[in-house]
Each structure stands twice: as C-alpha cells, then as structure tokens.
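**Student:** File run.tsv below, TSV, C-alpha atoms and all ligand atoms:
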```tsv
chain	number	residue	atom	x	y	z
A	1	MET	CA	-15.00	-24.28	20.07
A	2	GLU	CA	-14.96	-22.76	16.52
A	3	ASP	CA	-18.71	-22.18	16.65
A	4	ARG	CA	-18.42	-20.41	19.99
A	5	VAL	CA	-15.64	-18.19	18.67
A	6	SER	CA	-17.53	-17.16	15.55
A	7	ALA	CA	-20.79	-16.55	17.42
A	8	ALA	CA	-19.10	-14.45	20.10
A	9	LEU	CA	-17.16	-12.49	17.52
A	10	LEU	CA	-20.19	-11.78	15.33
A	11	ASP	CA	-22.18	-10.58	18.36
A	12	TRP	CA	-19.33	-8.23	19.22
A	13	TYR	CA	-19.06	-7.04	15.60
A	14	ASP	CA	-22.76	-6.19	15.46
A	15	VAL	CA	-22.19	-3.69	18.27
A	16	HIS	CA	-18.56	-2.58	17.88
A	17	GLY	CA	-17.69	-3.06	14.18
A	18	ARG	CA	-16.16	-0.01	12.52
A	19	VAL	CA	-18.21	2.11	10.14
A	20	LEU	CA	-15.96	2.40	7.06
A	21	PRO	CA	-16.67	4.09	3.74
A	22	TRP	CA	-16.34	0.87	1.73
A	23	ARG	CA	-18.54	-1.21	4.01
A	24	ALA	CA	-22.16	-1.97	3.25
A	25	SER	CA	-24.79	-0.91	5.73
A	26	PRO	CA	-26.34	-3.79	7.72
A	27	GLY	CA	-28.30	-6.21	5.59
A	28	ARG	CA	-26.76	-5.03	2.31
A	29	ARG	CA	-24.07	-6.63	0.20
A	30	ALA	CA	-20.89	-4.60	-0.31
A	31	ASP	CA	-19.97	-3.42	-3.82
A	32	PRO	CA	-17.16	-5.74	-5.06
A	33	TYR	CA	-15.45	-2.82	-6.81
A	34	ALA	CA	-15.37	-0.80	-3.59
A	35	VAL	CA	-14.19	-3.78	-1.56
A	36	TRP	CA	-11.39	-4.55	-4.01
A	37	LEU	CA	-10.29	-0.89	-4.22
A	38	SER	CA	-10.23	-0.52	-0.45
A	39	GLU	CA	-8.36	-3.77	0.10
A	40	VAL	CA	-5.63	-2.83	-2.38
A	41	MET	CA	-5.26	0.57	-0.70
A	42	LEU	CA	-5.30	-0.88	2.82
A	43	GLN	CA	-2.38	-3.17	2.06
A	44	GLN	CA	-0.03	-0.28	2.53
A	45	THR	CA	-1.61	2.42	4.61
A	46	THR	CA	-3.86	3.24	7.53
A	47	VAL	CA	-7.64	3.27	7.39
A	48	ALA	CA	-7.65	7.08	7.72
A	49	VAL	CA	-5.33	7.66	4.76
A	50	ALA	CA	-6.94	4.94	2.65
A	51	GLY	CA	-10.32	6.56	3.34
A	52	ARG	CA	-9.21	9.82	1.71
A	53	TYR	CA	-7.77	8.12	-1.36
A	54	PHE	CA	-10.76	5.78	-1.58
A	55	ALA	CA	-13.19	8.70	-1.63
A	56	ALA	CA	-11.15	10.53	-4.28
A	57	PHE	CA	-10.85	7.43	-6.49
A	58	LEU	CA	-14.52	6.60	-6.19
A	59	GLU	CA	-15.57	10.12	-7.05
A	60	ARG	CA	-13.34	10.20	-10.11
A	61	TRP	CA	-13.78	6.55	-11.17
A	62	PRO	CA	-17.11	5.38	-9.72
A	63	THR	CA	-17.11	2.01	-11.51
A	64	VAL	CA	-14.54	-0.49	-12.66
A	65	GLU	CA	-15.42	0.36	-16.27
A	66	VAL	CA	-14.54	4.03	-15.76
A	67	LEU	CA	-11.30	3.12	-14.02
A	68	ALA	CA	-10.38	0.75	-16.85
A	69	ALA	CA	-10.92	3.56	-19.36
A	70	ALA	CA	-8.57	5.92	-17.49
A	71	SER	CA	-4.97	6.28	-18.59
A	72	LEU	CA	-2.24	4.67	-16.50
A	73	ASP	CA	-0.70	8.11	-15.97
A	74	GLU	CA	-3.91	9.43	-14.43
A	75	VAL	CA	-4.13	6.48	-12.07
A	76	LEU	CA	-0.47	6.72	-11.05
A	77	ALA	CA	-0.82	10.45	-10.41
A	78	ALA	CA	-3.92	9.89	-8.24
A	79	TRP	CA	-2.05	7.14	-6.37
A	80	ALA	CA	0.97	9.35	-5.63
A	81	GLY	CA	1.60	9.43	-1.89
A	82	LEU	CA	0.27	5.92	-1.29
A	83	GLY	CA	3.61	4.33	-2.26
A	84	TYR	CA	4.15	0.89	-3.82
A	85	TYR	CA	3.37	2.06	-7.32
A	86	ALA	CA	3.41	-1.47	-8.70
A	87	ARG	CA	0.07	-1.81	-6.90
A	88	ALA	CA	-1.35	1.16	-8.78
A	89	ARG	CA	-0.22	-0.32	-12.08
A	90	ASN	CA	-1.76	-3.65	-11.10
A	91	LEU	CA	-4.94	-1.87	-10.00
A	92	HIS	CA	-5.28	-0.37	-13.45
A	93	ALA	CA	-4.39	-3.65	-15.19
A	94	CYS	CA	-6.88	-5.54	-13.01
A	95	ALA	CA	-9.69	-3.12	-13.87
A	96	ARG	CA	-8.98	-3.67	-17.55
A	97	VAL	CA	-9.01	-7.47	-17.20
A	98	VAL	CA	-12.27	-7.39	-15.21
A	99	VAL	CA	-13.88	-5.33	-17.98
A	100	ALA	CA	-12.35	-7.23	-20.91
A	101	ASP	CA	-12.59	-10.80	-19.60
A	102	HIS	CA	-15.38	-10.69	-17.00
A	103	CYS	CA	-17.85	-8.21	-18.52
A	104	GLY	CA	-17.11	-5.71	-15.75
A	105	SER	CA	-18.08	-8.06	-12.88
A	106	PHE	CA	-15.52	-9.34	-10.42
A	107	PRO	CA	-15.47	-13.15	-10.28
A	108	ARG	CA	-16.93	-14.59	-7.09
A	109	ASP	CA	-14.58	-17.39	-6.18
A	110	VAL	CA	-11.17	-17.16	-4.57
A	111	ALA	CA	-9.26	-19.00	-7.30
A	112	ALA	CA	-10.61	-16.82	-10.13
A	113	LEU	CA	-10.03	-13.64	-8.12
A	114	GLY	CA	-6.44	-14.79	-7.47
A	115	GLU	CA	-5.78	-14.91	-11.22
A	116	LEU	CA	-6.39	-11.18	-11.61
A	117	PRO	CA	-3.41	-8.80	-11.72
A	118	GLY	CA	-2.20	-7.73	-8.29
A	119	ILE	CA	-4.67	-9.88	-6.35
A	120	GLY	CA	-2.83	-12.18	-3.96
A	121	ARG	CA	-4.13	-14.81	-1.60
A	122	TYR	CA	-5.26	-12.35	1.07
A	123	THR	CA	-7.04	-9.92	-1.26
A	124	ALA	CA	-8.76	-12.74	-3.15
A	125	ALA	CA	-10.10	-14.19	0.11
A	126	ALA	CA	-11.11	-10.75	1.44
A	127	VAL	CA	-13.03	-9.79	-1.71
A	128	ALA	CA	-14.69	-13.22	-1.96
A	129	ALA	CA	-15.75	-13.15	1.69
A	130	ILE	CA	-16.78	-9.51	2.04
A	131	ALA	CA	-18.36	-8.92	-1.37
A	132	PHE	CA	-19.80	-12.40	-2.04
A	133	ASP	CA	-20.10	-14.04	1.39
A	134	VAL	CA	-17.82	-16.90	0.37
A	135	PRO	CA	-16.46	-18.77	3.43
A	136	ALA	CA	-12.82	-17.84	2.82
A	137	ALA	CA	-10.17	-17.00	5.45
A	138	ALA	CA	-8.66	-13.58	4.73
A	139	VAL	CA	-5.49	-13.46	6.82
A	140	ASP	CA	-3.79	-10.06	6.99
A	141	GLY	CA	-1.46	-8.81	9.73
A	142	ASN	CA	-4.31	-8.08	12.15
A	143	VAL	CA	-5.92	-11.47	11.66
A	144	GLU	CA	-2.54	-13.19	11.88
A	145	ARG	CA	-2.03	-11.64	15.30
A	146	VAL	CA	-5.48	-12.55	16.63
A	147	VAL	CA	-5.29	-16.15	15.43
A	148	ALA	CA	-1.71	-16.69	16.66
A	149	ARG	CA	-2.81	-15.51	20.10
A	150	LEU	CA	-6.13	-17.31	20.15
A	151	GLN	CA	-4.43	-20.65	19.37
A	152	GLU	CA	-1.13	-19.76	21.07
A	153	ILE	CA	0.95	-20.48	17.97
A	154	THR	CA	4.55	-20.01	19.12
A	155	THR	CA	6.32	-20.93	15.87
A	156	PRO	CA	8.12	-17.79	14.64
A	157	LEU	CA	7.01	-16.02	11.48
A	158	PRO	CA	7.22	-16.62	8.59
A	159	GLU	CA	7.18	-20.40	9.32
A	160	ALA	CA	3.99	-19.88	11.34
A	161	LYS	CA	2.03	-18.51	8.38
A	162	PRO	CA	0.66	-21.84	7.07
A	163	LEU	CA	-0.30	-22.85	10.62
A	164	ILE	CA	-2.11	-19.56	11.15
A	165	GLN	CA	-3.81	-19.82	7.76
A	166	ARG	CA	-5.11	-23.31	8.60
A	167	ALA	CA	-6.24	-22.25	12.06
A	168	ALA	CA	-8.02	-19.20	10.58
A	169	ALA	CA	-9.77	-21.36	7.96
A	170	MET	CA	-11.13	-23.61	10.73
A	171	LEU	CA	-12.79	-20.62	12.39
A	172	VAL	CA	-14.75	-19.34	9.36
A	173	PRO	CA	-18.47	-19.98	9.89
A	174	ALA	CA	-20.87	-21.04	7.16
A	175	GLU	CA	-23.22	-18.19	8.15
A	176	ARG	CA	-22.05	-14.58	7.61
A	177	PRO	CA	-18.47	-15.38	6.55
A	178	GLY	CA	-18.07	-11.85	5.15
A	179	ASP	CA	-19.02	-10.24	8.44
A	180	PHE	CA	-16.80	-12.72	10.25
A	181	ALA	CA	-13.80	-11.71	8.08
A	182	GLN	CA	-14.40	-8.05	8.86
A	183	ALA	CA	-15.00	-8.78	12.53
A	184	LEU	CA	-11.61	-10.48	12.86
A	185	MET	CA	-9.96	-7.50	11.14
A	186	ASP	CA	-11.73	-5.10	13.50
A	187	LEU	CA	-10.86	-7.12	16.59
A	188	GLY	CA	-7.19	-7.01	15.60
A	189	ALA	CA	-7.34	-3.28	14.92
A	190	LEU	CA	-9.38	-2.26	17.98
A	191	VAL	CA	-8.87	-4.80	20.77
A	192	CYS	CA	-6.16	-7.36	20.06
A	193	THR	CA	-3.60	-4.67	19.28
A	194	PRO	CA	0.11	-5.41	18.81
A	195	ARG	CA	1.57	-4.18	22.12
A	196	ARG	CA	-1.32	-3.98	24.57
A	197	PRO	CA	-4.23	-6.27	23.77
A	198	ASP	CA	-7.30	-5.26	25.76
A	199	CYS	CA	-8.20	-8.81	26.79
A	200	PRO	CA	-10.87	-7.87	29.36
A	201	ALA	CA	-12.81	-6.20	26.52
A	202	CYS	CA	-12.34	-9.10	24.11
A	203	PRO	CA	-15.27	-11.35	23.16
A	204	LEU	CA	-12.85	-14.26	22.64
A	205	ILE	CA	-11.22	-14.19	26.06
A	206	ALA	CA	-12.84	-17.43	27.20
A	207	ALA	CA	-11.42	-19.32	24.22
A	208	CYS	CA	-8.03	-17.62	24.03
A	209	ALA	CA	-4.98	-19.78	24.78
A	210	GLY	CA	-2.67	-16.79	24.41
A	211	PHE	CA	-4.56	-14.96	27.15
A	212	ARG	CA	-4.37	-18.00	29.41
A	213	SER	CA	-0.60	-18.14	28.84
A	214	GLY	CA	-0.35	-14.75	30.55
A	215	SER	CA	1.58	-12.91	27.83
A	216	PRO	CA	-0.38	-12.82	24.57
A	217	GLU	CA	1.49	-9.70	23.43
A	218	ARG	CA	4.56	-11.85	22.64
A	219	LEU	CA	2.59	-13.49	19.81
A	220	PRO	CA	2.99	-13.88	16.93
A	221	VAL	CA	6.72	-14.48	17.35
A	222	LYS	CA	8.51	-12.14	14.95
A	223	PRO	CA	11.75	-12.97	13.14
A	224	ARG	CA	14.72	-10.83	14.16
A	225	ARG	CA	15.35	-8.09	11.65
A	226	GLY	CA	18.60	-6.28	11.06
A	227	ASP	CA	18.63	-2.54	10.46
A	228	LYS	CA	17.62	-1.46	7.01
A	229	PRO	CA	20.57	-0.79	4.70
A	230	ARG	CA	21.13	2.79	3.55
A	231	ARG	CA	21.63	3.84	-0.03
A	232	PHE	CA	22.95	7.12	-1.31
A	233	GLY	CA	22.57	9.06	-4.51
A	234	ALA	CA	22.56	12.47	-6.16
A	235	CYS	CA	19.51	14.01	-7.77
A	236	PHE	CA	19.39	16.85	-10.32
A	237	PHE	CA	16.76	19.57	-10.58
A	238	ALA	CA	17.31	21.28	-13.95
A	239	GLU	CA	15.02	24.24	-14.54
A	240	ARG	CA	14.69	25.96	-17.88
A	241	SER	CA	14.27	29.70	-18.18
A	242	ASP	CA	10.62	29.13	-19.22
A	243	GLY	CA	9.96	27.39	-15.87
A	244	ALA	CA	10.00	23.79	-17.13
A	245	VAL	CA	11.80	21.08	-15.15
A	246	LEU	CA	13.58	18.03	-16.55
A	247	VAL	CA	12.03	14.63	-15.66
A	248	ARG	CA	12.13	11.14	-17.06
A	249	ARG	CA	9.98	8.07	-16.77
A	250	ARG	CA	11.42	5.13	-14.88
A	251	GLU	CA	11.41	1.63	-16.32
A	252	GLU	CA	8.02	-0.06	-16.08
A	253	ARG	CA	9.43	-2.88	-13.97
A	254	GLY	CA	11.03	-2.54	-10.56
A	255	LEU	CA	10.94	0.05	-7.80
A	256	LEU	CA	8.70	3.06	-8.61
A	257	GLY	CA	8.19	1.51	-12.04
A	258	GLY	CA	6.55	3.79	-14.59
A	259	MET	CA	6.72	6.84	-12.32
A	260	LEU	CA	8.42	10.12	-13.20
A	261	GLU	CA	11.68	11.12	-11.55
A	262	PHE	CA	14.22	13.87	-11.64
A	263	PRO	CA	17.50	12.69	-13.12
A	264	SER	CA	19.62	10.96	-10.51
A	265	SER	CA	22.73	8.86	-10.09
A	266	GLU	CA	22.63	5.18	-9.20
A	267	TRP	CA	21.57	4.62	-5.60
A	268	GLY	CA	24.58	2.85	-4.08
A	269	PRO	CA	25.87	1.79	-0.66
A	270	ALA	CA	28.14	4.88	-0.36
A	271	PRO	CA	27.68	8.55	-1.36
A	272	PRO	CA	28.78	9.13	-4.97
A	273	GLY	CA	32.40	10.38	-5.13
A	274	ASP	CA	31.79	13.04	-7.77
A	275	PRO	CA	28.03	13.39	-8.10
A	276	LEU	CA	28.26	15.75	-11.07
A	277	THR	CA	29.44	12.91	-13.33
A	278	ALA	CA	25.80	11.74	-13.18
A	279	ALA	CA	24.39	15.17	-14.15
A	280	PRO	CA	22.07	14.89	-17.17
A	281	LEU	CA	23.54	17.94	-18.90
A	282	ALA	CA	26.33	20.50	-18.51
A	283	ALA	CA	25.23	23.44	-16.33
A	284	ALA	CA	26.33	25.52	-13.36
A	285	TRP	CA	25.06	23.05	-10.77
A	286	ARG	CA	24.80	24.23	-7.16
A	287	LYS	CA	24.38	21.84	-4.28
A	288	VAL	CA	21.16	22.55	-2.40
A	289	PRO	CA	21.97	22.74	1.35
A	290	GLY	CA	20.86	19.70	3.36
A	291	GLN	CA	19.70	16.39	1.94
A	292	VAL	CA	16.54	14.44	1.23
A	293	GLU	CA	15.86	11.26	3.18
A	294	HIS	CA	13.24	8.69	2.31
A	295	SER	CA	12.45	5.26	3.69
A	296	PHE	CA	11.51	2.44	1.33
A	297	THR	CA	10.44	-0.98	2.56
A	298	HIS	CA	13.86	-2.55	2.21
A	299	PHE	CA	16.25	0.38	2.45
A	300	ASP	CA	16.61	4.01	3.48
A	301	LEU	CA	17.67	6.49	0.82
A	302	VAL	CA	19.74	9.65	1.28
A	303	LEU	CA	19.89	12.04	-1.68
A	304	THR	CA	21.98	15.13	-2.20
A	305	VAL	CA	20.20	17.51	-4.53
A	306	HIS	CA	21.82	19.69	-7.18
A	307	ALA	CA	19.93	22.48	-8.93
A	308	ALA	CA	20.73	24.53	-12.02
A	309	HIS	CA	19.07	27.04	-14.33
A	310	VAL	CA	19.51	26.19	-17.98
A	311	GLY	CA	18.61	28.07	-21.16
A	312	ALA	CA	15.24	27.69	-22.88
A	313	ALA	CA	17.06	25.89	-25.66
A	314	ALA	CA	18.31	23.11	-23.38
A	315	PRO	CA	18.44	19.81	-25.23
A	316	SER	CA	15.57	17.35	-24.84
A	317	LEU	CA	18.05	14.43	-24.47
A	318	ASP	CA	16.50	11.12	-25.51
A	319	SER	CA	12.86	10.13	-25.67
A	320	ALA	CA	12.67	9.06	-22.01
A	321	TRP	CA	13.17	12.66	-20.93
A	322	ARG	CA	10.72	15.48	-20.95
A	323	TRP	CA	10.34	19.00	-19.64
A	324	ILE	CA	7.27	19.77	-17.58
A	325	ALA	CA	6.13	23.06	-16.07
A	326	VAL	CA	7.06	23.38	-12.42
A	327	GLU	CA	3.39	24.13	-11.58
A	328	ALA	CA	2.43	20.80	-13.18
A	329	LEU	CA	4.63	18.79	-10.79
A	330	GLU	CA	1.77	18.73	-8.27
A	331	ARG	CA	-0.44	16.71	-10.65
A	332	ALA	CA	2.33	14.62	-12.21
A	333	ALA	CA	2.96	10.94	-11.41
A	334	LEU	CA	5.84	11.76	-9.10
A	335	PRO	CA	6.53	9.34	-6.23
A	336	SER	CA	6.84	10.69	-2.68
A	337	VAL	CA	10.64	10.69	-2.75
A	338	MET	CA	10.67	12.93	-5.83
A	339	ARG	CA	8.04	15.22	-4.31
A	340	LYS	CA	10.41	15.61	-1.38
A	341	VAL	CA	13.21	16.53	-3.80
A	342	ALA	CA	11.05	19.22	-5.45
A	343	ALA	CA	9.92	20.58	-2.07
A	344	HIS	CA	13.55	20.62	-0.90
A	345	VAL	CA	14.66	22.70	-3.88
A	346	LEU	CA	11.68	25.04	-3.84
A	347	SER	CA	12.03	25.63	-0.07
A	348	THR	CA	15.50	27.09	-0.55
A	349	ARG	CA	14.34	29.87	-2.83
A	401	LIG	FE1	-6.28	-11.03	21.74
A	401	LIG	FE2	-6.59	-10.96	24.38
A	401	LIG	FE3	-8.66	-11.39	22.79
A	401	LIG	FE4	-6.83	-13.26	23.08
A	401	LIG	S1	-8.19	-12.47	24.67
A	401	LIG	S2	-7.74	-12.61	21.17
A	401	LIG	S3	-4.99	-12.02	23.26
A	401	LIG	S4	-7.42	-9.51	22.92
```
Would you mind writing the file out in structure tokens?

**Tutor:**
Amino acid sequence: MEDRVSAALLDWYDVHGRVLPWRASPGRRADPYAVWLSEVMLQQTTVAVAGRYFAAFLERWPTVEVLAAASLDEVLAAWAGLGYYARARNLHACARVVVADHCGSFPRDVAALGELPGIGRYTAAAVAAIAFDVPAAAVDGNVERVVARLQEITTPLPEAKPLIQRAAAMLVPAERPGDFAQALMDLGALVCTPRRPDCPACPLIAACAGFRSGSPERLPVKPRRGDKPRRFGACFFAERSDGAVLVRRREERGLLGGMLEFPSSEWGPAPPGDPLTAAPLAAAWRKVPGQVEHSFTHFDLVLTVHAAHVGAAAPSLDSAWRWIAVEALERAALPSVMRKVAAHVLSTR
C-alpha cells in the first residue's frame, strides 16, 4: 500500500507540483541554503509572503557565508514583519555555526542538522530530504493533515503526533524522497485542504481511509482551545526637537528578544491604572486617541499610546536606551507591534 501511495503521489507531483522560488528545476538538486532559508520562513507565514522575504534575503545574502558575516541587527531588521524574532536570531546563529563548524556546507543527515541553532525535527527532515534526498519524513501541519486522513487517525492532537510521524515515515519511498516530501506538502496545500478536501481530485483517494469514512475534514482531531488571553499596556513615543525618537533594545531572551521597542509599561491582565507612572521621562504626555491592538501566538495585546515632544537636551537614560531619527524607524529592527505604534502616532498628526 505504501508503494502505491508514493507512486501515485509522485506522478501527481510531476504534473501538479507548485513552482516555488526555492525549488530546484526538474532533475536538479536544490541549494541547501535556499531550502533551509525557505523552511525557516515558511514556519510562520504563507508561501506568498515567504516568497517576498526569501527573494530579498537571497539578493542581499546570496550564500550562507555572506549571511553569517552580516550583523544581527541587519538580519533582524530584514526579518521585521515576519514575526517570531527568535527565529531570525537563530537563523543568524545557524549561519555562523554552518560557516565556523561545517566549512559553509550544511550537514546532510537529520541528526547533525537537528543540532544546528533553530533547526527542529521538522526542518531537519525537510532540509535532509529536499536538499540531499535523504529518506526522512518531514511532518508539518499540511503533512499532518494528509497523513491523519489517509490513515484515519482519530486520536486528538497533540497525542496523535507520534502516530502520525510513524505513519508518515512508513510512506517515504527509497526513490525520490525529496520530491515525495514536497509532494505531500503540496497535496496538503492544494488538495487535502483543512475544511474542504477535494477528494475527487486527489491521487490518494483509492488508499484513503479518511475518505472512505465519509468525513475526512474532521481529521486530524484538534484539541479544544480557549480564547486567547488579553494583555494591556501603555507605550510612550518621546520625540526630541531634532526629530529623534526614544527606543530601547529588549532583552535577548524571550518575546521579541533583541528587537527595539518604544518604552512601555508591563503588559498585564488589566489596563494600567495610571499609565504615566511607567513613562520613561517627565514630559507633557498626551494620550493618542484610539489604541493599538496586536495578536501574538499566545495572547492579544492592547496598547494605549502616549506621545510627547521633549527638548533636544533630553537625557539619554541608561545604556539600553537610544535616540534614533524618526525617518530611520523604517529600517530599524522594530517588531510589527512597534511599527503599529509608530504608525498610530504619525497618523494623528
Ligand atoms: Fe485528503 Fe481526500 Fe485525498 Fe484523503 S482522498 S488524502 S481526505 S484529499
């Protein structure tokens, strides 16, 4: 049955597989650097968005050596808008390890790839399969869905993950495992979609237990999720008379680690009672009408924003703080939530 599945899927892939900027043309081996870069980007965004960032990164840093030589600030700034900044820091760290410890060549096997910064089980398997044709099962959300349906795995997630991983590993063929990995991804993205799988168009319909059950769309069984908690805070946009704005760098570890931010209060479960107690300096703060809302993976954030003009001799506070020109905000390593804060202030002028 596994052989039939892989043969049918590869035949389908040869005709219907997506043409993507990081994929090799038929008969050619994909560049491991491009595969790794695209897989890290695709963990958190759509193919269309990842494509734009991928092209920009590749133009600026065409090889892993050039990326390793870039500063972390440059990489974080180029990553801005993709979210999950820990991944950008790991991307940079990984490039440096590949250059320092592997002479600029990505290792070929799954275990060695998994030792690199920011490369988890999925990415290691995807890079090994796609770039080196190693028979590894790369199970992302799309593949998880296809395999759960194909084998009618009714155990809810996340308990089903090891079952799905094992079932996926059984399907990987010895011939063309890299194409097979990409074919499964494409089938999940194009045909076996979350709400309305197009079973009549699917090359695996004859082998699919989920289809035979009559309701494959119920698989994989998702855990019940409560609503995301909300957090609240106040953010301060201090602008000097020479046009510079006060920012600071966040701690390297944790949410938005290493990114720049405008001064803000703690983000707590209730709006701050007197937000101005968190102001970074004494000034005639005015509350900007409205608020900024931003959704993180585990919580939604609501910020009130306070703006003030301060003199050119405003103190530089401690070393974590700095003043940067308002025109330079566009290129700075500001996360999306802080870009929203700046846009909110500037839109009220
Ligand atoms: Fe998914 Fe339907 Fe294909 Fe089964 S037959 S893998 S449910 S699209």

**Student:** Excluding A:Ala168 and its own-chain neighbours fewer than 5 positions away, which residues fall within 10 Å of it when counting only C-alpha atoms? Please give them as a list in words.

**Tutor:**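 Non-adjacent residues within range: Glu2, Ala136, Ala137, Ala138, Val139, Val143, Glu144, Val146, Val147, Ala148, Leu150, Gln151, Pro162, Leu163, Ala181 and Leu184 of chain A.
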
**Student:** Write the residues you've just listed into a file as a PDB file, keeping the file's coordinate frame, and include C-alpha atoms for each of them.

**Tutor:**
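After the write, result16.pdb holds the following:
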```pdb
ATOM      1  CA  GLU A   2     -14.960 -22.760  16.520  1.00  0.00           C
ATOM      2  CA  ALA A 136     -12.820 -17.840   2.820  1.00  0.00           C
ATOM      3  CA  ALA A 137     -10.170 -17.000   5.450  1.00  0.00           C
ATOM      4  CA  ALA A 138      -8.660 -13.580   4.730  1.00  0.00           C
ATOM      5  CA  VAL A 139      -5.490 -13.460   6.820  1.00  0.00           C
ATOM      6  CA  VAL A 143      -5.920 -11.470  11.660  1.00  0.00           C
ATOM      7  CA  GLU A 144      -2.540 -13.190  11.880  1.00  0.00           C
ATOM      8  CA  VAL A 146      -5.480 -12.550  16.630  1.00  0.00           C
ATOM      9  CA  VAL A 147      -5.290 -16.150  15.430  1.00  0.00           C
ATOM     10  CA  ALA A 148      -1.710 -16.690  16.660  1.00  0.00           C
ATOM     11  CA  LEU A 150      -6.130 -17.310  20.150  1.00  0.00           C
ATOM     12  CA  GLN A 151      -4.430 -20.650  19.370  1.00  0.00           C
ATOM     13  CA  PRO A 162       0.660 -21.840   7.070  1.00  0.00           C
ATOM     14  CA  LEU A 163      -0.300 -22.850  10.620  1.00  0.00           C
ATOM     15  CA  ALA A 181     -13.800 -11.710   8.080  1.00  0.00           C
ATOM     16  CA  LEU A 184     -11.610 -10.480  12.860  1.00  0.00           C
TER      17      LEU A 184
END
```

**Student:** Please indicate the distance in Å from atom CA of A:Ala125 to atom CA of A:Ala100, rounded to one decimal place.

**Tutor:**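 Interatomic distance, atom CA of A:Ala125 to atom CA of A:Ala100: 22.3 Å.
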
**Student:** Give the residue list for ligand LIG 401 (chain A) at 8 Å, counting all atoms listed in the file, as a list in words, sorted by chain and then by residue number.

**Tutor:** Arg145, Val146, Val147, Arg149, Leu150, Leu187, Gly188, Val191, Cys192, Thr193, Pro197, Asp198, Cys199, Pro200, Ala201, Cys202, Pro203, Leu204, Ile205, Ala206, Ala207, Cys208, Ala209, Gly210, Phe211, Pro216 and Glu217 of chain A

**Student:** Quick one: of A:His16, A:Arg108, A:Lys222, A:Arg28, who's nearest to A:Gly141, counting all atoms listed in the file?

**Tutor:**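 Distance minimum relative to A:Gly141 lands on A:Lys222.
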
**Student:** Which is closer to A:Leu281 than all the others in A:His344, A:Arg240, A:Arg196, A:Arg218, using only C-alpha atoms?

**Tutor:**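 Closest residue, counting only C-alpha atoms: A:Arg240.
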
**Student:** Give me the residues near stretch 229-231 of chain A as a ChimeraX atom specification, where near means some atom within 12 Å (using all atoms listed in the file) and where sequence neighbours in that chain fewer than 3 positions away do not count.

**Tutor:** /A:225-226,234,265-272,292-304

**Student:** Identify, on the basis of all atoms listed in the file, every residue whose closest approach to stretch 18-26 of chain A does not exceed 8 Å; exclude the query and any residue fewer than 4 positions from it along the same chain; express the result as a PyMOL selection string.

**Tutor:** chain A and resi 30-31+34-35+38+51+55+186

**Student:** For a test of reading the model, state the distance in Å between atom CA of A:Ala307 and atom CA of A:Ala282, rounded to one decimal.

**Tutor:**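 Between atom CA of A:Ala307 and atom CA of A:Ala282 the gap is 11.7 Å.
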
**Student:** Rounded to one decimal in Å, what is the spacing between atom CA of A:Arg248 and atom CA of A:Ala70?

**Tutor:**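 Straight-line distance from atom CA of A:Arg248 to atom CA of A:Ala70 works out to 21.4 Å.
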